[in-house]
Amino acid sequence: MDIIISNDSDKPIYEQITSQIKNQIMQGVLREGDALPSMRTLAKELRISVITTKRAYEELEREGFITTVVGKGSFIKAADTRLLREENLKRIEEHFQEAIRIASESGVTRQELEEIFAILYEG
Amino acid sequence: MNRMMEENTNMEYALEVRGLTKHYGSFVLDQVSLQVPYGMVVGFIGENGAGKSTTIKAILNLIHKETGDIYILGHPMQRDGKPESDSAQWKEQLGVIFDECNMPAELTAKEIHHIMKEFYRTWEEKKFFDYLKQFRVPADKKVKELSKGMKMKLSIAIALSHDSRLLILDEGTSGLDPVVRNEIMDIFREFIEDGEHSVLISSHITSDIEKIADYIIILHQGKVVMEETKDDLLEQYAIIQCTKEQMTKIPADQIIGKTENTYGAHVLVKGAAKWKQEGYVVDRASIEDILLYIVKRDEV
Amino acid sequence: MKGLLLKDLYNMKGFARQYVIVILAMAVWGACMKNISFVSIYMVILGGMMSISTMSMDENSGFNKFYLTTPGGVRKLVAAKYLFFVLTVAAGMLVALLIREIAMLFPWLNTSGFDVGTLFVTGFILAAAFSVSFPVIYKYGAEKGRYFYIAAFLVIFAVVYLVNYVAHIPVPERILDSIPDAVYVAGTVGSGAVIIFISYLFSIRIVTRKEW
């Protein structure tokens, strides 16, 4: 499992962790039953606070991506495709929203936007 | 009840201080309370003279206090503020590192090993010499011949070589170069990894605290003015760069601190995201920034 | 207390060479002066001075502050110092006796004026002076304590000398000389022990109240 943390990102560190783990689940890198490192070991390795990793794991558990067994550790739960899909849709919407915002700020029209989208999609 | 206790009500604390008060000439430690949960690093910061050292000495009963209940590793410290007369076995689990290396100048590390073996039943010879090797501290040189950095590393090696569950550092890393401090931070991370060891580190090197601490307590003029998780401090607090006119639009009760110059103002606020949405120029606040603004706010 | 005694021994090892040189020098001088009584007394005094030196070293390094964070406790900290004092003075006495034994091999050396009784009385004066000084050192520091010790030593020495002188007036020399050494030994050791113990209690009180 690879996790990359940026201190300069706008995203809080726990969120960087949750999104990267979610990505890896969606990409199939992390599969059901895979064991995650303990919160403390992860914190030590990434050189961050254990409160951060705890928060990340708790959110992942809350959202149904992992399950934590006391004394054993945390494991990837069966990927709930519906949940994943919703995650992805949300992210796509966010990106589109951003693009639209920039477009309106800089005077790019809707048509231009759609053209760009078509070109990119083909590529 | 402060935030930390709310989050950990069922946890025992490695260190618990309630209502510590001490008058010290013209200076007062005023109802200082703090907790160090097991498995955590608590950073204790404040400007010089804020009372950090005094607090730590009072916790250890090295100086007397007027009021305050103190529990170290569950053990209640004598209320009269006096050190134990007789042997206190629980101190096998306590490691204290002061800002000067308190070892006799004429002794070598090897000789110190021989006396520590008598002081601590849980003293581990191999661990000690392994640390010395790792820290590149020569075992046969007298303490007075060691550099300041090596002396501190020796102190840390000593604290780690018996069954310490709680480490208390009173500025133990000041005067060390960044490479060594980094090494030590990694050692602390390893130390707390099993969730049963804890560290209280008081330091004016806020960048170190920013790296290693789980919780941060800010002491200012003898009072605890902030105790939050490091994450919250770094995520929630921000500095707004604006014009003086814009500053007047910010409600006073949201301003934690501010500075002004000819060209504008900098305002420390909580809730970075909200201010960004309203279109302000917002910079992240480091722990050092937060401390500076708190100190400055009282200087007007 | 073993650890604390070890610490003081290690502290003193740097001075061992100096002490040996001083002992040899004094022994040679004594041989030249044909009188070794003062030499022997000096040995005993030297033994006592080690205690003040180690207290000074403890102060400079801040060791006591550290020790109070270990399982040890105040009683051990103070008791070890007193024990170190007693042991070093006893060692000084042994060296003094040794010197006398060696000196006795040289008939041209004047060994009178130095007998076991005098040795123990010196030890007692030392013990009394230190008993008064230890608490002072714990309270005010080794440097001020050093001067206090010298003053105390001189005062007590003068008192004992006076008592000795006064005792000679009503009681004839003959009877005083017939008092067996054993009495001197028992008397000085006994009263010395009492004085040291009282001093120890005072020191404990002072150290417990100290602000580090």
# chains A, B, ... in the order shown; residues from 1 in each chain; ligands from 1
>>> interface_residues(of="chain C", to="chain B", cutoff="6 Å", atoms="only C-alpha atoms", output="list of chain:residue names")
C:Gly3, C:Asn11, C:Ser61, C:Gly62, C:Phe63, C:Thr70, C:Pro71, C:Gly72, C:Gly73, C:Val74, C:Arg75, C:Thr208, C:Glu211, C:Trp212
>>> interface_residues(of="chain A", to="chain B", cutoff="12 Å", atoms="only C-alpha atoms", output="PyMOL selection string")
chain A and resi 7-15+38-55
>>> residues_around(residues="Asp30 (chain B)", least_positions_apart="4", cutoff="12 Å", atoms="only C-alpha atoms", output="mmCIF file with N, CA and C atoms, in the first residue's frame")
data_model
loop_
_atom_site.group_PDB
_atom_site.id
_atom_site.type_symbol
_atom_site.label_atom_id
_atom_site.label_comp_id
_atom_site.auth_asym_id
_atom_site.auth_seq_id
_atom_site.Cartn_x
_atom_site.Cartn_y
_atom_site.Cartn_z
ATOM 1 N N ARG B 18 -4.145 18.692 37.733
ATOM 2 C CA ARG B 18 -5.401 19.428 37.927
ATOM 3 C C ARG B 18 -5.172 20.615 38.836
ATOM 4 N N GLY B 19 -5.440 21.772 38.315
ATOM 5 C CA GLY B 19 -5.449 22.964 39.165
ATOM 6 C C GLY B 19 -4.131 23.303 39.843
ATOM 7 N N LEU B 20 -3.044 23.194 39.099
ATOM 8 C CA LEU B 20 -1.738 23.499 39.685
ATOM 9 C C LEU B 20 -1.554 25.001 39.815
ATOM 10 N N THR B 21 -1.291 25.449 41.009
ATOM 11 C CA THR B 21 -1.076 26.878 41.246
ATOM 12 C C THR B 21 0.193 27.076 42.050
ATOM 13 N N LYS B 22 0.995 28.033 41.617
ATOM 14 C CA LYS B 22 2.197 28.364 42.378
ATOM 15 C C LYS B 22 2.562 29.817 42.165
ATOM 16 N N HIS B 23 2.846 30.485 43.253
ATOM 17 C CA HIS B 23 3.353 31.856 43.170
ATOM 18 C C HIS B 23 4.866 31.799 43.221
ATOM 19 N N TYR B 24 5.483 32.583 42.400
ATOM 20 C CA TYR B 24 6.924 32.482 42.205
ATOM 21 C C TYR B 24 7.446 33.893 42.069
ATOM 22 N N ALA B 50 7.096 31.794 30.317
ATOM 23 C CA ALA B 50 5.665 31.500 30.421
ATOM 24 C C ALA B 50 5.382 30.608 31.615
ATOM 25 N N GLY B 51 6.385 29.822 32.028
ATOM 26 C CA GLY B 51 6.197 28.968 33.191
ATOM 27 C C GLY B 51 6.282 27.482 32.886
ATOM 28 N N THR B 54 8.752 25.732 35.250
ATOM 29 C CA THR B 54 8.191 25.751 36.593
ATOM 30 C C THR B 54 7.093 24.702 36.708
ATOM 31 N N THR B 55 6.268 24.604 35.674
ATOM 32 C CA THR B 55 5.192 23.610 35.699
ATOM 33 C C THR B 55 5.756 22.210 35.813
ATOM 34 N N LYS B 65 4.268 23.490 45.450
ATOM 35 C CA LYS B 65 3.139 24.153 44.835
ATOM 36 C C LYS B 65 2.126 24.473 45.918
ATOM 37 N N GLU B 66 1.253 25.433 45.611
ATOM 38 C CA GLU B 66 0.247 25.752 46.616
ATOM 39 C C GLU B 66 -0.958 24.842 46.513
ATOM 40 N N THR B 67 -1.456 24.675 45.278
ATOM 41 C CA THR B 67 -2.564 23.729 45.100
ATOM 42 C C THR B 67 -2.262 22.881 43.878
ATOM 43 N N GLY B 68 -2.989 21.812 43.740
ATOM 44 C CA GLY B 68 -2.838 20.995 42.544
ATOM 45 C C GLY B 68 -2.812 19.513 42.860
ATOM 46 N N LEU B 219 1.098 27.515 26.910
ATOM 47 C CA LEU B 219 1.121 28.193 28.201
ATOM 48 C C LEU B 219 1.545 29.638 27.984
ATOM 49 N N HIS B 220 0.803 30.555 28.548
ATOM 50 C CA HIS B 220 1.142 31.968 28.375
ATOM 51 C C HIS B 220 0.917 32.677 29.691
ATOM 52 N N GLN B 221 1.984 33.292 30.187
ATOM 53 C CA GLN B 221 1.921 34.012 31.453
ATOM 54 C C GLN B 221 1.274 33.165 32.540
ATOM 55 N N GLY B 222 1.724 31.940 32.646
ATOM 56 C CA GLY B 222 1.288 31.091 33.741
ATOM 57 C C GLY B 222 -0.075 30.452 33.571
ATOM 58 N N LYS B 223 -0.718 30.691 32.430
ATOM 59 C CA LYS B 223 -2.043 30.073 32.242
ATOM 60 C C LYS B 223 -2.059 29.242 30.971
ATOM 61 N N VAL B 224 -2.869 28.199 31.000
ATOM 62 C CA VAL B 224 -3.051 27.419 29.789
ATOM 63 C C VAL B 224 -4.044 28.184 28.918
ATOM 64 N N VAL B 225 -3.604 28.625 27.738
ATOM 65 C CA VAL B 225 -4.499 29.399 26.880
ATOM 66 C C VAL B 225 -5.036 28.589 25.713
#
>>> residues_around(residues="region 196-207 of chain B", least_positions_apart="4", cutoff="8 Å", atoms="only C-alpha atoms", output="PDB file with C-alpha atoms, in the first residue's frame")
ATOM      1  CA  ALA B  14       0.038   8.766  31.833  1.00  0.00           C
ATOM      2  CA  VAL B  36      -0.990  13.229  28.709  1.00  0.00           C
ATOM      3  CA  PRO B  37      -2.939  10.237  27.405  1.00  0.00           C
ATOM      4  CA  TYR B  38      -1.150   6.917  27.028  1.00  0.00           C
ATOM      5  CA  GLY B  39       0.470   6.452  23.666  1.00  0.00           C
ATOM      6  CA  MET B  40       0.587  10.145  22.864  1.00  0.00           C
ATOM      7  CA  VAL B  41       3.089  12.937  22.579  1.00  0.00           C
ATOM      8  CA  VAL B  42       1.965  16.155  24.206  1.00  0.00           C
ATOM      9  CA  GLY B  43       3.842  19.278  23.210  1.00  0.00           C
ATOM     10  CA  PHE B  44       4.025  21.983  25.826  1.00  0.00           C
ATOM     11  CA  ILE B  45       4.896  25.353  24.345  1.00  0.00           C
ATOM     12  CA  GLY B  46       5.047  28.962  25.378  1.00  0.00           C
ATOM     13  CA  GLU B  47       7.418  31.882  25.300  1.00  0.00           C
ATOM     14  CA  ASN B  48      10.390  32.060  27.638  1.00  0.00           C
ATOM     15  CA  LYS B  52       6.838  25.717  31.351  1.00  0.00           C
ATOM     16  CA  SER B  53       9.875  24.728  33.375  1.00  0.00           C
ATOM     17  CA  SER B 164      10.345   4.229  31.147  1.00  0.00           C
ATOM     18  CA  ARG B 165       6.667   4.536  30.285  1.00  0.00           C
ATOM     19  CA  LEU B 166       6.537   8.303  30.509  1.00  0.00           C
ATOM     20  CA  LEU B 167       9.227  10.620  29.241  1.00  0.00           C
ATOM     21  CA  ILE B 168       9.223  14.210  30.377  1.00  0.00           C
ATOM     22  CA  LEU B 169      11.486  16.598  28.557  1.00  0.00           C
ATOM     23  CA  ASP B 170      12.132  20.078  29.838  1.00  0.00           C
ATOM     24  CA  GLU B 171      13.679  21.666  26.751  1.00  0.00           C
ATOM     25  CA  GLY B 172      15.729  18.514  26.327  1.00  0.00           C
ATOM     26  CA  THR B 173      16.313  19.072  22.615  1.00  0.00           C
ATOM     27  CA  SER B 174      17.289  22.722  22.538  1.00  0.00           C
ATOM     28  CA  PHE B 188       9.960   9.139  20.223  1.00  0.00           C
ATOM     29  CA  PHE B 191       8.667   4.882  21.755  1.00  0.00           C
ATOM     30  CA  ILE B 192       4.933   5.585  21.655  1.00  0.00           C
ATOM     31  CA  LYS B 211       6.230  17.524  13.753  1.00  0.00           C
ATOM     32  CA  ILE B 287       2.261  26.549  15.450  1.00  0.00           C
ATOM     33  CA  GLU B 288       4.870  29.232  15.751  1.00  0.00           C
TER      34      GLU B 288
END
>>> select_by_dssp(residues="region 51-99 of chain A", states="strand (DSSP E)", output="PDB file with N, CA and C atoms, in the first residue's frame")
ATOM      1  N   ILE A  66     -13.750  -0.109   5.359  1.00  0.00           N
ATOM      2  CA  ILE A  66     -12.918  -1.042   6.122  1.00  0.00           C
ATOM      3  C   ILE A  66     -13.663  -1.475   7.363  1.00  0.00           C
ATOM      4  N   THR A  67     -13.145  -2.521   7.975  1.00  0.00           N
ATOM      5  CA  THR A  67     -13.696  -2.958   9.243  1.00  0.00           C
ATOM      6  C   THR A  67     -12.547  -3.206  10.213  1.00  0.00           C
ATOM      7  N   THR A  68     -12.726  -2.754  11.432  1.00  0.00           N
ATOM      8  CA  THR A  68     -11.660  -2.892  12.425  1.00  0.00           C
ATOM      9  C   THR A  68     -12.054  -3.899  13.483  1.00  0.00           C
ATOM     10  N   VAL A  69     -11.187  -4.880  13.692  1.00  0.00           N
ATOM     11  CA  VAL A  69     -11.424  -5.881  14.728  1.00  0.00           C
ATOM     12  C   VAL A  69     -10.414  -5.647  15.840  1.00  0.00           C
ATOM     13  N   GLY A  73      -6.844  -5.875  13.989  1.00  0.00           N
ATOM     14  CA  GLY A  73      -6.435  -4.844  13.055  1.00  0.00           C
ATOM     15  C   GLY A  73      -7.564  -4.420  12.150  1.00  0.00           C
ATOM     16  N   SER A  74      -7.198  -3.724  11.095  1.00  0.00           N
ATOM     17  CA  SER A  74      -8.203  -3.218  10.162  1.00  0.00           C
ATOM     18  C   SER A  74      -8.083  -3.901   8.808  1.00  0.00           C
ATOM     19  N   PHE A  75      -9.229  -4.219   8.233  1.00  0.00           N
ATOM     20  CA  PHE A  75      -9.235  -4.961   6.973  1.00  0.00           C
ATOM     21  C   PHE A  75     -10.173  -4.310   5.972  1.00  0.00           C
ATOM     22  N   ILE A  76      -9.829  -4.467   4.708  1.00  0.00           N
ATOM     23  CA  ILE A  76     -10.676  -3.931   3.648  1.00  0.00           C
ATOM     24  C   ILE A  76     -11.971  -4.742   3.597  1.00  0.00           C
TER      25      ILE A  76
END
>>> residues_around(residues="region 136-153 of chain C", least_positions_apart="3", cutoff="8 Å", atoms="only C-alpha atoms", output="VMD selection string")
chain C and resid 52 to 53 55 to 56 59 125 to 126 128 to 130 132 to 133 156 to 157 203 206 to 207 210
>>> select_by_dssp(residues="region 67-142 of chain C", states="helix (DSSP H, G or I)", output="JSON, numbers by chain")
{"C": [67, 74, 75, 76, 77, 78, 79, 80, 81, 82, 83, 84, 85, 86, 87, 88, 89, 90, 91, 92, 93, 94, 95, 96, 97, 98, 99, 100, 101, 102, 103, 104, 116, 117, 118, 119, 120, 121, 122, 123, 124, 125, 126, 127, 128, 129, 130, 131, 132, 133, 134, 135, 136, 137, 138, 139, 140, 142]}
>>> atom_distance(atom1="CA of Ala103 (chain C)", atom2="CA of Ala31 (chain C)")
8.1 Å
>>> atom_distance(atom1="CA of Pro180 (chain C)", atom2="CA of Met33 (chain C)")
28.6 Å
>>> residues_around(residues="Arg91 (chain A)", least_positions_apart="6", cutoff="12 Å", atoms="only C-alpha atoms", output="list in words")
Ser19, Lys22, Asn23, Leu84, Arg85, Gln97 and Glu98 of chain A
>>> residues_around(residues="Tyr200 (chain C)", least_positions_apart="6", cutoff="8 Å", atoms="only C-alpha atoms", output="compact mmCIF listing (two decimals) with N, CA and C atoms, in the first residue's frame")
# COMPACT_ATOMS: atom_id res chain seq x y z
N VAL C 78 20.88 11.58 50.93
CA VAL C 78 21.61 12.19 52.03
C VAL C 78 22.44 11.16 52.78
N ALA C 79 21.86 10.00 53.04
CA ALA C 79 22.58 8.96 53.81
C ALA C 79 23.87 8.56 53.10
N TYR C 82 26.63 11.01 53.86
CA TYR C 82 27.18 10.84 55.20
C TYR C 82 28.02 9.58 55.28
N SER C 131 29.42 17.76 60.63
CA SER C 131 28.02 17.64 61.02
C SER C 131 27.35 18.99 61.03
N PRO C 135 24.49 20.38 56.75
CA PRO C 135 23.21 21.05 56.53
C PRO C 135 23.39 22.43 55.91
>>> closest_residue(among="A:Ser104, A:Ile119, A:Glu114, A:Thr18", to="Glu63 (chain A)", atoms="only C-alpha atoms")
A:Thr18
>>> closest_residue(among="B:Val281, B:Ile59, B:Leu292, B:Ile209", to="Thr259 (chain B)", atoms="only C-alpha atoms")
B:Leu292
>>> decode(residues="region 36-81 of chain A", atoms="N, CA and C atoms", output="mmCIF file, in the first residue's frame")
data_model
loop_
_atom_site.group_PDB
_atom_site.id
_atom_site.type_symbol
_atom_site.label_atom_id
_atom_site.label_comp_id
_atom_site.auth_asym_id
_atom_site.auth_seq_id
_atom_site.Cartn_x
_atom_site.Cartn_y
_atom_site.Cartn_z
ATOM 1 N N LEU A 36 -4.783 -3.729 6.628
ATOM 2 C CA LEU A 36 -4.156 -2.419 6.650
ATOM 3 C C LEU A 36 -3.163 -2.389 7.813
ATOM 4 N N PRO A 37 -2.131 -1.564 7.700
ATOM 5 C CA PRO A 37 -1.235 -1.432 8.862
ATOM 6 C C PRO A 37 -2.008 -0.830 10.029
ATOM 7 N N SER A 38 -1.569 -1.122 11.235
ATOM 8 C CA SER A 38 -2.264 -0.553 12.392
ATOM 9 C C SER A 38 -2.161 0.968 12.341
ATOM 10 N N MET A 39 -3.112 1.621 13.027
ATOM 11 C CA MET A 39 -3.111 3.095 13.024
ATOM 12 C C MET A 39 -1.775 3.626 13.503
ATOM 13 N N ARG A 40 -1.243 2.976 14.525
ATOM 14 C CA ARG A 40 -0.019 3.484 15.140
ATOM 15 C C ARG A 40 1.181 3.273 14.241
ATOM 16 N N THR A 41 1.218 2.105 13.603
ATOM 17 C CA THR A 41 2.358 1.853 12.726
ATOM 18 C C THR A 41 2.320 2.807 11.546
ATOM 19 N N LEU A 42 1.139 3.003 10.995
ATOM 20 C CA LEU A 42 1.008 3.926 9.875
ATOM 21 C C LEU A 42 1.449 5.315 10.281
ATOM 22 N N ALA A 43 1.028 5.741 11.472
ATOM 23 C CA ALA A 43 1.383 7.079 11.959
ATOM 24 C C ALA A 43 2.890 7.214 12.074
ATOM 25 N N LYS A 44 3.509 6.174 12.592
ATOM 26 C CA LYS A 44 4.949 6.213 12.767
ATOM 27 C C LYS A 44 5.640 6.294 11.419
ATOM 28 N N GLU A 45 5.210 5.446 10.485
ATOM 29 C CA GLU A 45 5.878 5.393 9.187
ATOM 30 C C GLU A 45 5.715 6.702 8.425
ATOM 31 N N LEU A 46 4.497 7.279 8.480
ATOM 32 C CA LEU A 46 4.242 8.510 7.738
ATOM 33 C C LEU A 46 4.717 9.739 8.500
ATOM 34 N N ARG A 47 5.134 9.520 9.738
ATOM 35 C CA ARG A 47 5.565 10.617 10.609
ATOM 36 C C ARG A 47 4.438 11.627 10.825
ATOM 37 N N ILE A 48 3.277 11.089 11.131
ATOM 38 C CA ILE A 48 2.159 11.979 11.456
ATOM 39 C C ILE A 48 1.543 11.538 12.775
ATOM 40 N N SER A 49 0.580 12.296 13.229
ATOM 41 C CA SER A 49 -0.018 12.003 14.522
ATOM 42 C C SER A 49 -0.938 10.786 14.430
ATOM 43 N N VAL A 50 -0.951 10.003 15.490
ATOM 44 C CA VAL A 50 -1.811 8.823 15.508
ATOM 45 C C VAL A 50 -3.276 9.238 15.534
ATOM 46 N N ILE A 51 -3.527 10.464 15.998
ATOM 47 C CA ILE A 51 -4.903 10.964 15.999
ATOM 48 C C ILE A 51 -5.393 11.106 14.559
ATOM 49 N N THR A 52 -4.465 11.476 13.665
ATOM 50 C CA THR A 52 -4.818 11.621 12.256
ATOM 51 C C THR A 52 -5.182 10.281 11.638
ATOM 52 N N THR A 53 -4.336 9.291 11.853
ATOM 53 C CA THR A 53 -4.614 7.985 11.254
ATOM 54 C C THR A 53 -5.874 7.391 11.864
ATOM 55 N N LYS A 54 -6.055 7.629 13.147
ATOM 56 C CA LYS A 54 -7.260 7.108 13.811
ATOM 57 C C LYS A 54 -8.493 7.705 13.148
ATOM 58 N N ARG A 55 -8.435 9.007 12.918
ATOM 59 C CA ARG A 55 -9.561 9.699 12.282
ATOM 60 C C ARG A 55 -9.823 9.148 10.890
ATOM 61 N N ALA A 56 -8.739 8.921 10.148
ATOM 62 C CA ALA A 56 -8.877 8.387 8.788
ATOM 63 C C ALA A 56 -9.537 7.018 8.824
ATOM 64 N N TYR A 57 -9.041 6.162 9.688
ATOM 65 C CA TYR A 57 -9.593 4.803 9.766
ATOM 66 C C TYR A 57 -11.039 4.825 10.241
ATOM 67 N N GLU A 58 -11.330 5.707 11.172
ATOM 68 C CA GLU A 58 -12.707 5.766 11.675
ATOM 69 C C GLU A 58 -13.660 6.197 10.575
ATOM 70 N N GLU A 59 -13.198 7.156 9.747
ATOM 71 C CA GLU A 59 -14.072 7.594 8.668
ATOM 72 C C GLU A 59 -14.260 6.490 7.635
ATOM 73 N N LEU A 60 -13.160 5.814 7.314
ATOM 74 C CA LEU A 60 -13.251 4.724 6.356
ATOM 75 C C LEU A 60 -14.198 3.644 6.870
ATOM 76 N N GLU A 61 -14.167 3.443 8.168
ATOM 77 C CA GLU A 61 -15.041 2.423 8.737
ATOM 78 C C GLU A 61 -16.489 2.895 8.692
ATOM 79 N N ARG A 62 -16.663 4.170 9.018
ATOM 80 C CA ARG A 62 -17.999 4.746 9.003
ATOM 81 C C ARG A 62 -18.601 4.658 7.614
ATOM 82 N N GLU A 63 -17.778 4.877 6.611
ATOM 83 C CA GLU A 63 -18.282 4.868 5.239
ATOM 84 C C GLU A 63 -18.321 3.465 4.661
ATOM 85 N N GLY A 64 -17.936 2.506 5.464
ATOM 86 C CA GLY A 64 -18.099 1.125 5.029
ATOM 87 C C GLY A 64 -16.968 0.550 4.201
ATOM 88 N N PHE A 65 -15.816 1.207 4.151
ATOM 89 C CA PHE A 65 -14.737 0.696 3.329
ATOM 90 C C PHE A 65 -13.851 -0.288 4.065
ATOM 91 N N ILE A 66 -13.750 -0.109 5.359
ATOM 92 C CA ILE A 66 -12.918 -1.042 6.122
ATOM 93 C C ILE A 66 -13.663 -1.475 7.363
ATOM 94 N N THR A 67 -13.145 -2.521 7.975
ATOM 95 C CA THR A 67 -13.696 -2.958 9.243
ATOM 96 C C THR A 67 -12.547 -3.206 10.213
ATOM 97 N N THR A 68 -12.726 -2.754 11.432
ATOM 98 C CA THR A 68 -11.660 -2.892 12.425
ATOM 99 C C THR A 68 -12.054 -3.899 13.483
ATOM 100 N N VAL A 69 -11.187 -4.880 13.692
ATOM 101 C CA VAL A 69 -11.424 -5.881 14.728
ATOM 102 C C VAL A 69 -10.414 -5.647 15.840
ATOM 103 N N VAL A 70 -10.939 -5.387 17.040
ATOM 104 C CA VAL A 70 -10.040 -5.104 18.162
ATOM 105 C C VAL A 70 -9.113 -6.280 18.387
ATOM 106 N N GLY A 71 -7.824 -5.966 18.484
ATOM 107 C CA GLY A 71 -6.851 -7.020 18.725
ATOM 108 C C GLY A 71 -6.321 -7.636 17.441
ATOM 109 N N LYS A 72 -7.040 -7.424 16.343
ATOM 110 C CA LYS A 72 -6.544 -8.024 15.087
ATOM 111 C C LYS A 72 -6.087 -6.969 14.092
ATOM 112 N N GLY A 73 -6.844 -5.875 13.989
ATOM 113 C CA GLY A 73 -6.435 -4.844 13.055
ATOM 114 C C GLY A 73 -7.564 -4.420 12.150
ATOM 115 N N SER A 74 -7.198 -3.724 11.095
ATOM 116 C CA SER A 74 -8.203 -3.218 10.162
ATOM 117 C C SER A 74 -8.083 -3.901 8.808
ATOM 118 N N PHE A 75 -9.229 -4.219 8.233
ATOM 119 C CA PHE A 75 -9.235 -4.961 6.973
ATOM 120 C C PHE A 75 -10.173 -4.310 5.972
ATOM 121 N N ILE A 76 -9.829 -4.467 4.708
ATOM 122 C CA ILE A 76 -10.676 -3.931 3.648
ATOM 123 C C ILE A 76 -11.971 -4.742 3.597
ATOM 124 N N LYS A 77 -13.054 -3.988 3.518
ATOM 125 C CA LYS A 77 -14.353 -4.659 3.452
ATOM 126 C C LYS A 77 -14.725 -4.899 1.998
ATOM 127 N N ALA A 78 -15.664 -5.812 1.800
ATOM 128 C CA ALA A 78 -16.114 -6.072 0.430
ATOM 129 C C ALA A 78 -16.501 -4.748 -0.202
ATOM 130 N N ALA A 79 -15.941 -4.524 -1.387
ATOM 131 C CA ALA A 79 -16.190 -3.234 -2.030
ATOM 132 C C ALA A 79 -17.668 -3.101 -2.342
ATOM 133 N N ASP A 80 -18.285 -2.123 -1.792
ATOM 134 C CA ASP A 80 -19.680 -1.840 -2.072
ATOM 135 C C ASP A 80 -19.705 -0.968 -3.323
ATOM 136 N N THR A 81 -20.001 -1.617 -4.451
ATOM 137 C CA THR A 81 -19.841 -0.887 -5.704
ATOM 138 C C THR A 81 -20.717 0.349 -5.774
#
